[in-house]
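What follows is the content of coords16.txt (compact mmCIF, C-alpha atoms and all ligand atoms).
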# COMPACT_ATOMS: atom_id res chain seq x y z
CA LEU A 240 -87.33 -76.99 26.06
CA ARG A 241 -86.35 -74.97 29.15
CA ALA A 242 -84.57 -71.64 28.76
CA ALA A 243 -83.77 -68.49 30.72
CA VAL A 244 -85.60 -65.69 28.93
CA ILE A 245 -85.00 -61.93 29.14
CA THR A 246 -88.55 -60.59 29.58
CA GLY A 247 -87.82 -56.84 29.68
CA GLU A 248 -85.04 -54.33 30.33
CA GLY A 249 -83.48 -54.19 33.78
CA GLY A 250 -81.58 -56.17 36.38
CA PRO A 251 -81.69 -59.89 37.11
CA GLU A 252 -85.42 -59.65 37.92
CA VAL A 253 -86.19 -59.55 34.16
CA LEU A 254 -84.96 -63.16 33.82
CA SER A 255 -87.53 -65.93 33.87
CA ILE A 256 -87.36 -69.67 33.18
CA GLN A 257 -89.76 -70.52 30.34
CA GLU A 258 -90.55 -73.20 27.79
CA VAL A 259 -89.31 -72.33 24.27
CA PRO A 260 -89.40 -74.28 20.99
CA THR A 261 -86.60 -76.80 20.41
CA PRO A 262 -84.31 -75.49 17.62
CA GLU A 263 -83.62 -77.66 14.57
CA PRO A 264 -80.08 -77.70 13.15
CA GLY A 265 -79.41 -76.39 9.63
CA PRO A 266 -77.31 -78.46 7.18
CA ARG A 267 -73.91 -77.43 8.64
CA GLU A 268 -75.16 -77.13 12.23
CA ILE A 269 -75.25 -79.35 15.29
CA ARG A 270 -77.76 -79.22 18.10
CA VAL A 271 -76.17 -79.48 21.54
CA ARG A 272 -77.99 -80.69 24.63
CA VAL A 273 -76.61 -78.12 27.04
CA GLU A 274 -75.50 -79.67 30.33
CA ALA A 275 -73.91 -76.48 31.62
CA SER A 276 -73.47 -72.85 30.60
CA ALA A 277 -71.58 -70.02 32.30
CA ILE A 278 -72.42 -66.37 32.81
CA ASN A 279 -70.58 -63.27 31.67
CA ARG A 280 -70.80 -59.53 32.25
CA ALA A 281 -72.18 -59.27 28.71
CA ASP A 282 -75.30 -61.15 29.90
CA LEU A 283 -75.84 -58.50 32.58
CA LEU A 284 -75.58 -55.75 29.97
CA GLN A 285 -77.90 -57.62 27.60
CA CYS A 286 -80.59 -57.78 30.30
CA ARG A 287 -80.30 -53.99 30.59
CA GLY A 288 -80.87 -53.63 26.84
CA ARG A 289 -77.29 -52.41 26.29
CA TYR A 290 -75.71 -55.35 24.46
CA PRO A 291 -78.09 -57.05 22.01
CA ALA A 292 -77.23 -60.45 20.56
CA PRO A 293 -75.69 -60.30 17.07
CA PRO A 294 -77.96 -61.28 14.15
CA GLY A 295 -78.67 -65.00 13.89
CA TRP A 296 -78.56 -65.72 17.64
CA PRO A 297 -81.54 -65.91 20.05
CA ALA A 298 -82.38 -62.31 20.96
CA HIS A 299 -83.97 -63.01 24.35
CA ILE A 300 -82.01 -65.99 25.72
CA PRO A 301 -78.71 -64.97 27.36
CA GLY A 302 -75.57 -67.06 27.54
CA LEU A 303 -72.29 -66.91 25.60
CA GLU A 304 -70.74 -70.28 26.40
CA LEU A 305 -71.79 -73.84 26.99
CA ALA A 306 -70.77 -77.46 27.30
CA GLY A 307 -72.85 -80.54 26.55
CA PHE A 308 -73.50 -83.37 24.11
CA VAL A 309 -74.37 -83.31 20.42
CA ASP A 310 -77.92 -84.59 20.09
CA ALA A 311 -78.65 -83.91 16.39
CA CYS A 312 -76.52 -83.24 13.30
CA GLY A 313 -77.48 -81.40 10.09
CA ALA A 314 -77.20 -83.31 6.80
CA ASP A 315 -73.76 -81.88 5.89
CA VAL A 316 -72.07 -82.17 9.30
CA THR A 317 -68.78 -84.07 9.15
CA ARG A 318 -66.88 -83.24 12.37
CA TRP A 319 -69.31 -84.56 14.98
CA ARG A 320 -71.61 -87.46 15.78
CA VAL A 321 -74.55 -87.66 18.14
CA GLY A 322 -73.21 -88.16 21.67
CA ASP A 323 -69.93 -86.23 21.19
CA ALA A 324 -68.96 -83.96 24.10
CA VAL A 325 -68.49 -80.37 22.90
CA MET A 326 -68.08 -76.86 24.25
CA ALA A 327 -68.38 -73.50 22.48
CA VAL A 328 -68.49 -69.75 22.56
CA VAL A 329 -71.77 -68.59 20.97
CA GLY A 330 -73.38 -65.24 20.18
CA GLY A 331 -76.21 -65.87 22.66
CA GLY A 332 -78.75 -68.47 23.70
CA ALA A 333 -76.51 -70.74 25.81
CA CYS A 334 -78.80 -70.53 28.85
CA ALA A 335 -81.23 -73.00 27.28
CA ASP A 336 -81.29 -76.78 27.50
CA ALA A 337 -80.49 -77.00 23.75
CA ILE A 338 -78.89 -74.73 21.16
CA THR A 339 -77.88 -74.98 17.51
CA LEU A 340 -74.51 -73.77 16.24
CA LEU A 341 -72.25 -74.28 13.24
CA GLU A 342 -70.26 -77.47 13.59
CA ASP A 343 -67.03 -75.47 13.17
CA GLU A 344 -67.83 -73.26 16.17
CA ALA A 345 -67.64 -76.22 18.57
CA VAL A 346 -64.49 -77.69 20.10
CA PRO A 347 -64.21 -81.00 21.95
CA ILE A 348 -64.47 -81.09 25.73
CA PRO A 349 -61.03 -82.08 27.07
CA GLY A 350 -60.93 -85.85 27.62
CA GLY A 351 -62.97 -86.99 30.59
CA MET A 352 -63.84 -83.51 31.85
CA ALA A 353 -67.38 -82.99 33.18
CA PRO A 354 -69.49 -80.47 31.21
CA THR A 355 -69.98 -78.48 34.42
CA ASP A 356 -66.21 -77.91 34.48
CA ALA A 357 -65.82 -77.47 30.72
CA ALA A 358 -68.48 -74.73 30.57
CA ALA A 359 -66.05 -72.46 32.44
CA ILE A 360 -63.43 -72.74 29.71
CA PRO A 361 -64.59 -71.27 26.37
CA GLU A 362 -65.18 -67.53 26.89
CA ALA A 363 -62.38 -66.99 29.41
CA PHE A 364 -59.70 -69.06 27.67
CA PHE A 365 -60.59 -68.10 24.08
CA THR A 366 -60.46 -64.44 25.11
CA ALA A 367 -57.26 -64.70 27.15
CA TYR A 368 -55.42 -66.72 24.48
CA ASP A 369 -56.58 -64.44 21.68
CA ALA A 370 -55.70 -61.26 23.60
CA ALA A 371 -52.38 -62.23 25.20
CA VAL A 372 -50.92 -64.53 22.56
CA LEU A 373 -52.56 -64.02 19.15
CA GLN A 374 -52.97 -60.25 19.40
CA GLY A 375 -50.43 -59.42 22.10
CA GLY A 376 -47.69 -61.71 20.79
CA LEU A 377 -46.77 -63.01 24.27
CA GLU A 378 -43.96 -65.56 24.12
CA GLY A 379 -41.95 -67.67 26.55
CA GLY A 380 -39.55 -65.51 28.55
CA GLY A 381 -41.78 -62.45 28.17
CA TRP A 382 -43.85 -60.61 30.76
CA LEU A 383 -47.65 -60.19 30.82
CA ALA A 384 -49.50 -57.67 33.00
CA ILE A 385 -53.15 -58.48 33.76
CA ASN A 386 -55.44 -55.79 35.13
CA ALA A 387 -58.11 -57.64 37.25
CA VAL A 388 -56.32 -60.98 37.52
CA GLY A 389 -59.08 -62.55 39.63
CA SER A 390 -61.60 -62.26 36.79
CA GLY A 391 -62.63 -65.15 34.55
CA VAL A 392 -60.37 -63.90 31.75
CA GLY A 393 -57.60 -62.96 34.19
CA THR A 394 -57.41 -66.41 35.78
CA ALA A 395 -57.17 -67.91 32.28
CA ALA A 396 -54.50 -65.41 31.18
CA VAL A 397 -52.25 -66.11 34.18
CA GLN A 398 -52.37 -69.84 33.47
CA ILE A 399 -51.66 -69.39 29.76
CA ALA A 400 -48.67 -67.17 30.56
CA ARG A 401 -47.23 -69.80 32.89
CA CYS A 402 -47.93 -72.52 30.33
CA LEU A 403 -45.97 -70.57 27.67
CA GLY A 404 -43.04 -69.96 30.01
CA ALA A 405 -43.86 -66.27 30.35
CA ARG A 406 -44.07 -64.43 33.67
CA SER A 407 -47.02 -62.43 34.91
CA VAL A 408 -47.87 -59.51 37.13
CA GLY A 409 -51.54 -59.08 38.00
CA SER A 410 -53.80 -56.79 40.00
CA SER A 411 -56.90 -57.24 42.10
CA ARG A 412 -58.55 -55.11 44.77
CA THR A 413 -59.13 -58.30 46.79
CA GLN A 414 -56.30 -60.10 48.63
CA PHE A 415 -57.82 -63.60 48.51
CA LYS A 416 -58.01 -63.41 44.69
CA LEU A 417 -54.31 -62.56 44.53
CA ASP A 418 -53.52 -65.48 46.83
CA ARG A 419 -55.50 -67.85 44.61
CA ALA A 420 -53.95 -66.45 41.41
CA THR A 421 -50.49 -66.93 42.89
CA THR A 422 -51.18 -70.64 43.31
CA MET A 423 -51.93 -70.71 39.55
CA GLY A 424 -48.57 -69.21 38.64
CA LEU A 425 -49.00 -65.45 39.07
CA ASP A 426 -45.45 -64.23 39.70
CA VAL A 427 -46.15 -60.74 41.05
CA PRO A 428 -49.48 -60.09 42.84
CA VAL A 429 -50.50 -56.43 43.13
CA LEU A 430 -53.19 -55.22 45.52
CA GLY A 431 -54.91 -52.35 43.65
CA SER A 432 -55.56 -51.72 40.00
CA SER A 433 -54.07 -49.80 37.07
CA ASP A 434 -51.60 -47.38 38.77
CA ALA A 435 -50.29 -49.96 41.21
CA LEU A 436 -50.07 -52.55 38.45
CA ALA A 437 -48.05 -50.27 36.18
CA ALA A 438 -45.60 -49.44 38.98
CA ALA A 439 -45.19 -53.11 39.92
CA ALA A 440 -44.73 -54.12 36.27
CA ARG A 441 -41.87 -51.63 35.85
CA GLN A 442 -40.26 -52.77 39.08
CA ALA A 443 -40.57 -56.47 38.23
CA THR A 444 -38.87 -55.91 34.87
CA ASP A 445 -36.03 -53.66 36.13
CA LYS A 446 -37.81 -50.67 34.55
CA HIS A 447 -37.85 -52.29 31.08
CA GLY A 448 -41.62 -52.81 31.09
CA VAL A 449 -43.76 -55.76 30.01
CA GLN A 450 -44.36 -56.92 26.43
CA VAL A 451 -48.14 -57.27 26.81
CA VAL A 452 -50.88 -55.79 29.00
CA VAL A 453 -54.32 -57.42 29.06
CA ASP A 454 -56.67 -54.80 30.51
CA LEU A 455 -60.12 -55.87 31.69
CA LEU A 456 -60.95 -52.53 33.26
CA GLY A 457 -60.36 -49.62 30.84
CA GLY A 458 -61.35 -46.23 32.26
CA GLU A 459 -58.88 -43.61 33.43
CA GLY A 460 -56.34 -46.27 34.42
CA LEU A 461 -55.54 -46.96 30.78
CA GLU A 462 -53.01 -44.16 30.63
CA ALA A 463 -51.07 -45.50 33.61
CA LEU A 464 -51.03 -48.94 32.01
CA THR A 465 -49.28 -47.68 28.89
CA GLY A 466 -46.45 -46.80 31.28
CA ALA A 467 -46.14 -50.52 32.11
CA LEU A 468 -45.14 -51.39 28.54
CA THR A 469 -41.70 -51.85 27.07
CA GLY A 470 -40.89 -50.29 23.67
CA GLN A 471 -43.22 -51.67 20.95
CA GLY A 472 -45.30 -53.27 23.71
CA ARG A 473 -48.97 -54.01 23.18
CA LEU A 474 -51.95 -53.17 25.35
CA ILE A 475 -55.02 -55.25 24.56
CA LEU A 476 -58.21 -53.69 25.94
CA VAL A 477 -60.68 -56.48 26.68
CA GLY A 478 -63.14 -54.99 29.18
CA LEU A 479 -64.46 -51.63 30.35
CA LEU A 480 -65.48 -52.34 33.94
CA ALA A 481 -63.85 -49.10 35.17
CA GLY A 482 -65.29 -46.88 32.43
CA ILE A 483 -65.34 -46.04 28.74
CA ARG A 484 -63.20 -42.90 28.75
CA SER A 485 -59.52 -42.29 29.34
CA GLN A 486 -56.85 -39.71 28.67
CA LEU A 487 -53.86 -41.07 26.82
CA ASN A 488 -50.33 -39.67 26.72
CA LEU A 489 -49.88 -39.83 22.96
CA GLY A 490 -46.25 -38.78 23.29
CA ARG A 491 -45.54 -42.02 25.11
CA VAL A 492 -47.53 -44.07 22.57
CA LEU A 493 -45.62 -42.46 19.72
CA THR A 494 -42.07 -42.40 21.05
CA ARG A 495 -42.24 -45.91 22.52
CA ARG A 496 -44.06 -47.21 19.42
CA LEU A 497 -46.83 -48.76 21.50
CA THR A 498 -49.91 -50.54 20.16
CA VAL A 499 -53.25 -50.05 21.93
CA THR A 500 -55.90 -52.43 20.57
CA GLY A 501 -59.52 -53.01 21.50
CA THR A 502 -60.94 -56.47 21.09
CA VAL A 503 -64.30 -58.22 21.23
CA LEU A 504 -65.30 -61.80 20.45
CA ARG A 505 -69.06 -61.60 20.18
CA SER A 506 -69.49 -59.39 17.14
CA ARG A 507 -66.66 -60.86 15.06
CA PRO A 508 -67.47 -62.37 11.67
CA THR A 509 -68.12 -66.12 11.85
CA ALA A 510 -64.96 -66.93 9.88
CA GLU A 511 -62.81 -65.20 12.52
CA LYS A 512 -64.59 -66.99 15.36
CA VAL A 513 -64.07 -70.32 13.63
CA ALA A 514 -60.38 -69.54 13.05
CA LEU A 515 -59.98 -68.77 16.76
CA ALA A 516 -61.75 -72.00 17.74
CA ARG A 517 -59.36 -74.01 15.52
CA ALA A 518 -56.27 -72.22 16.90
CA PHE A 519 -57.50 -72.80 20.45
CA GLU A 520 -58.19 -76.46 19.69
CA SER A 521 -54.70 -77.13 18.34
CA LYS A 522 -52.58 -74.94 20.67
CA ILE A 523 -54.41 -74.64 24.00
CA LEU A 524 -56.84 -77.54 24.37
CA PRO A 525 -54.10 -80.21 24.72
CA HIS A 526 -52.88 -78.46 27.88
CA PHE A 527 -56.19 -79.31 29.61
CA GLU A 528 -55.60 -82.99 28.99
CA GLY A 529 -53.36 -85.75 30.31
CA SER A 530 -52.63 -86.95 33.82
CA THR A 531 -51.13 -83.61 34.91
CA PRO A 532 -52.90 -80.87 32.93
CA SER A 533 -51.21 -77.48 32.98
CA LEU A 534 -54.46 -75.57 32.38
CA TYR A 535 -57.72 -75.97 34.25
CA PRO A 536 -61.05 -74.16 34.46
CA VAL A 537 -61.46 -71.84 37.43
CA ILE A 538 -64.94 -72.09 38.90
CA ASP A 539 -66.23 -69.92 41.71
CA ARG A 540 -69.33 -72.11 42.01
CA ALA A 541 -72.00 -73.97 40.06
CA MET A 542 -75.67 -73.07 40.48
CA PRO A 543 -78.84 -74.54 38.95
CA LEU A 544 -80.02 -72.86 35.74
CA ALA A 545 -83.21 -71.93 37.58
CA HIS A 546 -81.10 -69.72 39.89
CA ILE A 547 -79.74 -67.62 37.02
CA ALA A 548 -81.01 -64.34 38.52
CA ASP A 549 -79.04 -65.01 41.72
CA ALA A 550 -76.01 -65.91 39.61
CA HIS A 551 -76.25 -62.54 37.82
CA ARG A 552 -76.43 -60.72 41.18
CA LEU A 553 -73.42 -62.62 42.44
CA LEU A 554 -71.34 -61.77 39.35
CA ALA A 555 -72.22 -58.08 39.66
CA SER A 556 -71.08 -58.12 43.31
CA ASN A 557 -67.39 -58.51 42.25
CA GLN A 558 -66.99 -61.19 44.93
CA THR A 559 -66.43 -64.12 42.60
CA PHE A 560 -63.10 -65.64 41.61
CA GLY A 561 -63.21 -67.27 38.18
CA LYS A 562 -66.47 -68.34 36.59
CA ILE A 563 -70.03 -68.95 37.75
CA VAL A 564 -71.36 -72.06 36.00
CA LEU A 565 -75.06 -72.81 35.51
CA ASP A 566 -75.79 -76.52 35.86
CA HIS A 567 -78.67 -77.46 33.53
CA THR A 568 -79.00 -80.96 34.99
CA LEU A 569 -80.18 -79.74 38.41
N1 LIG A 601 -63.79 -58.34 24.66
C1 LIG A 601 -64.23 -59.59 24.83
O1 LIG A 601 -64.38 -60.36 23.89
C2 LIG A 601 -64.52 -60.04 26.22
C3 LIG A 601 -64.63 -61.42 26.53
C4 LIG A 601 -64.83 -61.77 27.88
C5 LIG A 601 -64.97 -60.79 28.85
N2 LIG A 601 -64.90 -59.47 28.47
C6 LIG A 601 -65.00 -58.40 29.45
O2 LIG A 601 -63.89 -58.48 30.31
C7 LIG A 601 -64.25 -58.00 31.61
C8 LIG A 601 -63.90 -59.06 32.61
O3 LIG A 601 -64.77 -60.15 32.41
P1 LIG A 601 -64.62 -61.45 33.32
O4 LIG A 601 -65.83 -62.27 33.10
O5 LIG A 601 -63.30 -62.04 33.11
O6 LIG A 601 -64.64 -60.75 34.76
P2 LIG A 601 -65.28 -61.15 36.16
O7 LIG A 601 -65.04 -62.58 36.42
O8 LIG A 601 -66.64 -60.62 36.17
O9 LIG A 601 -64.33 -60.31 37.17
C9 LIG A 601 -64.09 -58.96 37.03
C10 LIG A 601 -63.32 -58.47 38.26
O10 LIG A 601 -62.85 -57.16 37.98
C11 LIG A 601 -62.75 -56.44 39.20
N3 LIG A 601 -63.44 -55.16 39.00
C12 LIG A 601 -64.74 -54.97 38.68
N4 LIG A 601 -65.01 -53.67 38.56
C13 LIG A 601 -63.85 -53.01 38.82
C14 LIG A 601 -63.49 -51.65 38.85
N5 LIG A 601 -64.38 -50.69 38.59
N6 LIG A 601 -62.21 -51.34 39.16
C15 LIG A 601 -61.30 -52.29 39.43
N7 LIG A 601 -61.61 -53.62 39.41
C16 LIG A 601 -62.86 -53.97 39.11
C17 LIG A 601 -63.40 -57.27 40.29
O11 LIG A 601 -62.37 -57.88 41.07
P3 LIG A 601 -61.66 -57.10 42.30
O12 LIG A 601 -62.61 -56.03 42.74
O13 LIG A 601 -61.44 -58.12 43.35
O14 LIG A 601 -60.38 -56.60 41.74
C18 LIG A 601 -64.14 -58.34 39.52
O15 LIG A 601 -64.24 -59.55 40.24
C19 LIG A 601 -65.74 -57.67 31.54
O16 LIG A 601 -65.89 -56.30 31.25
C20 LIG A 601 -66.22 -58.50 30.36
O17 LIG A 601 -67.38 -57.97 29.77
C21 LIG A 601 -64.67 -59.09 27.21
Translate this file's structure into structure tokens.
Ligand SMILES: NC(=O)c1ccc[n+]([C@@H]2O[C@H](COP(=O)([O-])OP(=O)(O)OC[C@H]3O[C@@H](n4cnc5c(N)ncnc54)[C@H](OP(=O)(O)O)[C@@H]3O)[C@@H](O)[C@H]2O)c1
Amino acid sequence: LRAAVITGEGGPEVLSIQEVPTPEPGPREIRVRVEASAINRADLLQCRGRYPAPPGWPAHIPGLELAGFVDACGADVTRWRVGDAVMAVVGGGACADAITLLEDEAVPIPGGMAPTDAAAIPEAFFTAYDAAVLQGGLEGGGWLAINAVGSGVGTAAVQIARCLGARSVGSSRTQFKLDRATTMGLDVPVLGSSDALAAAARQATDKHGVQVVVDLLGGEGLEALTGALTGQGRLILVGLLAGIRSQLNLGRVLTRRLTVTGTVLRSRPTAEKVALARAFESKILPHFEGSTPSLYPVIDRAMPLAHIADAHRLLASNQTFGKIVLDHTL
């Protein structure tokens, strides 16, 4: 079985393609023949020894999301049969040609979609839906601000907002990403990041502020972003690309009754991950289906699994729009 293996601590050069044993599914598990996986910033951190896989997941094989076909079922599996097309968020190990996971962690690939497209869905859309809707409470008619709208999660969040009938304001430092996001339904593109986004969010809402901010950057810009929120608004902190420290005007948090919440998928208890997968399956997945889907995966490019080190370099360059998929069939 072929897998990308983290052979030390460092940059993409620590990744090597190796043969590893084929995993056998436990009673409630399925084994998936992985046709495609996708890469995430967490994989880059894991290579550097700064984000180990949670217990129970392969420690040295990166990869948090995948799409493929069930090729073996444990004795107690009821939801799937061999040959079913599935996709999933996992705690690690997706950059291998097979992986085992609990049957409840998998969701079906939207009808007819190729695994190389579906692999770009799970992490970005689970995260965006969970942050903006389940935790942020975004509803139709509301406003969502997205800090780094050209990111994998950002491109999912802007589509989900449009799908709900909410409006969005989103930032990027790169004009072409704003142009692309606008074609997906971004109402107010903002060239810049936190400060510019907060100012544009106030202006777009006649100074009322937005109901929800999804922040992929963190850092010192967090304080400015709280100024984008309406009373009782919610800021959901998803990523820390701009840093781990920020000042916060607690007077504003208190008087405007704001909520500032951090969130992470990877280290959640299994029951919470399964609950999110079921909510996603019933509320979001149908929008990827039909003759005119309203949601679609956003893929910067697909690369062979063997080129994973180059894919990591590309992601770190900040030049990508949407997801980088690794095609395991090449
Ligand atoms: N909490 C969770 O469960 C969870 C789940 C998924 C992802 N994440 C995190 O969310 C973040 C985004 O992930 P992703 O995969 O969606 O992103 P991505 O596709 O890697 O894109 C991130 C974008 O952010 C912008 N950016 C990067 N560094 C920046 C900086 N210092 N200041 C301003 N903008 C910067 C860049 O675009 P421009 O330069 O063009 O603006 C970059 O393309 C990452 O930190 C990731 O680890 C968290």
Give me, as CSV, the closest atom pair and its distance (Å, one decimal) for every residue of chain A within a cut-off of 6 Å of ligand LIG 601 (chain A), counting all atoms listed in the file, rows sorted by chain and rising number.
residue,atom,partner,partner_atom,distance
A:Asn279,CA,A:LIG601,O4,5.1
A:Arg280,CA,A:LIG601,O17,4.5
A:Ala281,CA,A:LIG601,O17,5.1
A:Glu362,CA,A:LIG601,C4,5.9
A:Ala363,CA,A:LIG601,C4,6.0
A:Thr366,CA,A:LIG601,C3,5.3
A:Ala387,CA,A:LIG601,O10,4.8
A:Gly389,CA,A:LIG601,O11,5.9
A:Ser390,CA,A:LIG601,O9,3.4
A:Gly391,CA,A:LIG601,O5,3.5
A:Val392,CA,A:LIG601,O5,3.7
A:Gly393,CA,A:LIG601,O5,5.9
A:Ser411,CA,A:LIG601,O14,3.6
A:Arg412,CA,A:LIG601,O14,3.8
A:Thr413,CA,A:LIG601,O13,4.1
A:Ser432,CA,A:LIG601,C15,5.8
A:Leu455,CA,A:LIG601,C7,4.6
A:Val477,CA,A:LIG601,N1,4.1
A:Gly478,CA,A:LIG601,O16,3.7
A:Leu479,CA,A:LIG601,O16,5.0
A:Leu480,CA,A:LIG601,O16,4.8
A:Ala481,CA,A:LIG601,N5,3.8
A:Thr502,CA,A:LIG601,N1,4.9
A:Val503,CA,A:LIG601,O1,3.4
A:Leu504,CA,A:LIG601,O1,3.8
A:Leu554,CA,A:LIG601,O8,5.8
A:Asn557,CA,A:LIG601,O15,3.9
A:Gln558,CA,A:LIG601,O15,5.7
A:Thr559,CA,A:LIG601,O15,5.6
A:Gly561,CA,A:LIG601,O7,5.3
A:Lys562,CA,A:LIG601,O7,5.9
| note | Min atom-atom distance to Val316 of chain A from the set A:Ile547, A:Met352, A:Ala345, A:Val408, counting all atoms listed in the file, belongs to A:Ala345
| atom CA of Leu468 of chain A and atom CA of Ala400 of chain A are how many Å apart? |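 Calculated distance between atom CA of Leu468 of chain A and atom CA of Ala400 of chain A is 16.3 Å.
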| message | Could you list, as a PyMOL selection string, every residue within 9 Å of segment 482-499 of chain A, counting only C-alpha atoms and ignoring same-chain residues fewer than 6 positions away? | response | chain A and resi 456-463+465-466+468-476
| Nearest-residue call for Ile538 of chain A, choices A:Ala275, A:Ala359, A:Ile256, A:Val321, using all atoms listed in the file |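 Checking each of A:Ala275, A:Ala359, A:Ile256, A:Val321 against Ile538 of chain A, counting all atoms listed in the file, the winner is A:Ala359.
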| said: From the options A:Ile269, A:Met326, A:Leu569, A:Ala337, which residue's atoms come nearest to Ala358 of chain A, counting only C-alpha atoms? | reply: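 That would be A:Met326, the residue with the smallest distance to Ala358 of chain A.
Counting all atoms listed in the file and comparing A:Thr261, A:Thr394, A:Thr444, A:Thr317, the residue that lies closest to Leu425 of chain A is A:Thr394.
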| field | Nearest-residue call for Tyr290 of chain A, choices A:Val451, A:Glu248, A:Leu403, A:Leu377, using all atoms listed in the file | value | A:Glu248
| message | Could you tell me how far atom CA of Gly249 of chain A sits from atom CA of Arg289 of chain A, in Å to one decimal place? | response |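 So the two atoms, atom CA of Arg289 of chain A and atom CA of Gly249 of chain A, lie 9.9 Å apart.
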| query | Could you name the residues that touch Leu383 of chain A at 6 Å or less, counting all atoms listed in the file, but leaving out those on the same chain fewer than 5 positions away, as number ranges by chain? | reply | A: 407, 449, 451-452
| Nearest to Phe364 of chain A by atom-to-atom distance, counting all atoms listed in the file, from A:Glu378, A:Val325, A:Ala518, A:Ala440 |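 So, comparing all the options, the nearest one is A:Ala518.
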| task | Enter the distance from atom CA of Trp382 of chain A to atom CA of Met423 of chain A, in Å, rounded to one decimal. | result | 15.6 Å
| task | Considering all atoms listed in the file, return as a list in words whatever protein or nucleic-acid residues lie within 10 Å of Pro294 of chain A, sequence-local ones (same chain, fewer than 5 positions apart) excluded. | result |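 The neighbour list is Gly330, Gly331 and Ser506 of chain A.
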| task | Step by step: start from the point (-89.0, -69.8, 28.6) in the file's coordinates, keep every protein, DNA or RNA residue that has an atom no farther than 6 Å from it, count all atoms listed in the file, and write the set as a ChimeraX atom specification. | result | /A:241-244,256-259
The centre and edge lengths of an axis-aligned box containing all atoms of segment 351-360 of chain A present in the file, extended by 3 Å on each side, are to be given in Å to one decimal, as JSON.
{"center_x": -66.5, "center_y": -79.7, "center_z": 32.1, "size_x": 13.0, "size_y": 20.5, "size_z": 10.8}
| task | List the neighbours of Gly351 of chain A out to 10 Å using only C-alpha atoms; skip same-chain residues closer than 2 positions along the sequence, and give me the result as JSON, numbers by chain. | result | {"A": [324, 348, 349, 353, 354, 357, 528, 529]}
Pop segment 476-486 of chain A out of the structure in the block and write N, CA, C and O atoms as a short mmCIF file (atom, residue, chain, number, x, y, z; two decimals), in the first residue's frame.
data_model
loop_
_atom_site.label_atom_id
_atom_site.label_comp_id
_atom_site.auth_asym_id
_atom_site.auth_seq_id
_atom_site.Cartn_x
_atom_site.Cartn_y
_atom_site.Cartn_z
N LEU A 476 -13.27 32.02 15.44
CA LEU A 476 -11.85 31.99 15.08
C LEU A 476 -11.48 30.58 14.62
O LEU A 476 -11.49 29.64 15.41
N VAL A 477 -11.16 30.47 13.33
CA VAL A 477 -10.93 29.16 12.72
C VAL A 477 -9.45 28.91 12.45
O VAL A 477 -8.98 27.77 12.50
N GLY A 478 -8.70 29.96 12.12
CA GLY A 478 -7.29 29.79 11.77
C GLY A 478 -6.44 30.90 12.36
O GLY A 478 -6.96 31.95 12.76
N LEU A 479 -5.13 30.64 12.39
CA LEU A 479 -4.20 31.57 13.05
C LEU A 479 -3.05 31.94 12.13
O LEU A 479 -1.91 32.10 12.57
N LEU A 480 -3.36 32.09 10.82
CA LEU A 480 -2.29 32.33 9.86
C LEU A 480 -1.55 33.63 10.11
O LEU A 480 -0.39 33.78 9.75
N ALA A 481 -2.20 34.61 10.76
CA ALA A 481 -1.54 35.90 11.01
C ALA A 481 -0.97 35.98 12.42
O ALA A 481 -0.44 37.04 12.80
N GLY A 482 -1.09 34.93 13.21
CA GLY A 482 -0.46 34.95 14.53
C GLY A 482 -1.38 34.46 15.64
O GLY A 482 -2.59 34.37 15.48
N ILE A 483 -0.75 34.16 16.79
CA ILE A 483 -1.52 33.56 17.89
C ILE A 483 -1.85 34.56 18.99
O ILE A 483 -2.47 34.20 19.99
N ARG A 484 -1.42 35.80 18.85
CA ARG A 484 -1.71 36.78 19.91
C ARG A 484 -2.45 37.98 19.35
O ARG A 484 -2.25 38.39 18.22
N SER A 485 -3.33 38.52 20.21
CA SER A 485 -4.06 39.73 19.84
C SER A 485 -4.46 40.47 21.10
O SER A 485 -4.71 39.87 22.15
N GLN A 486 -4.53 41.79 20.99
CA GLN A 486 -5.20 42.59 22.01
C GLN A 486 -6.69 42.50 21.74
O GLN A 486 -7.10 42.27 20.62
#
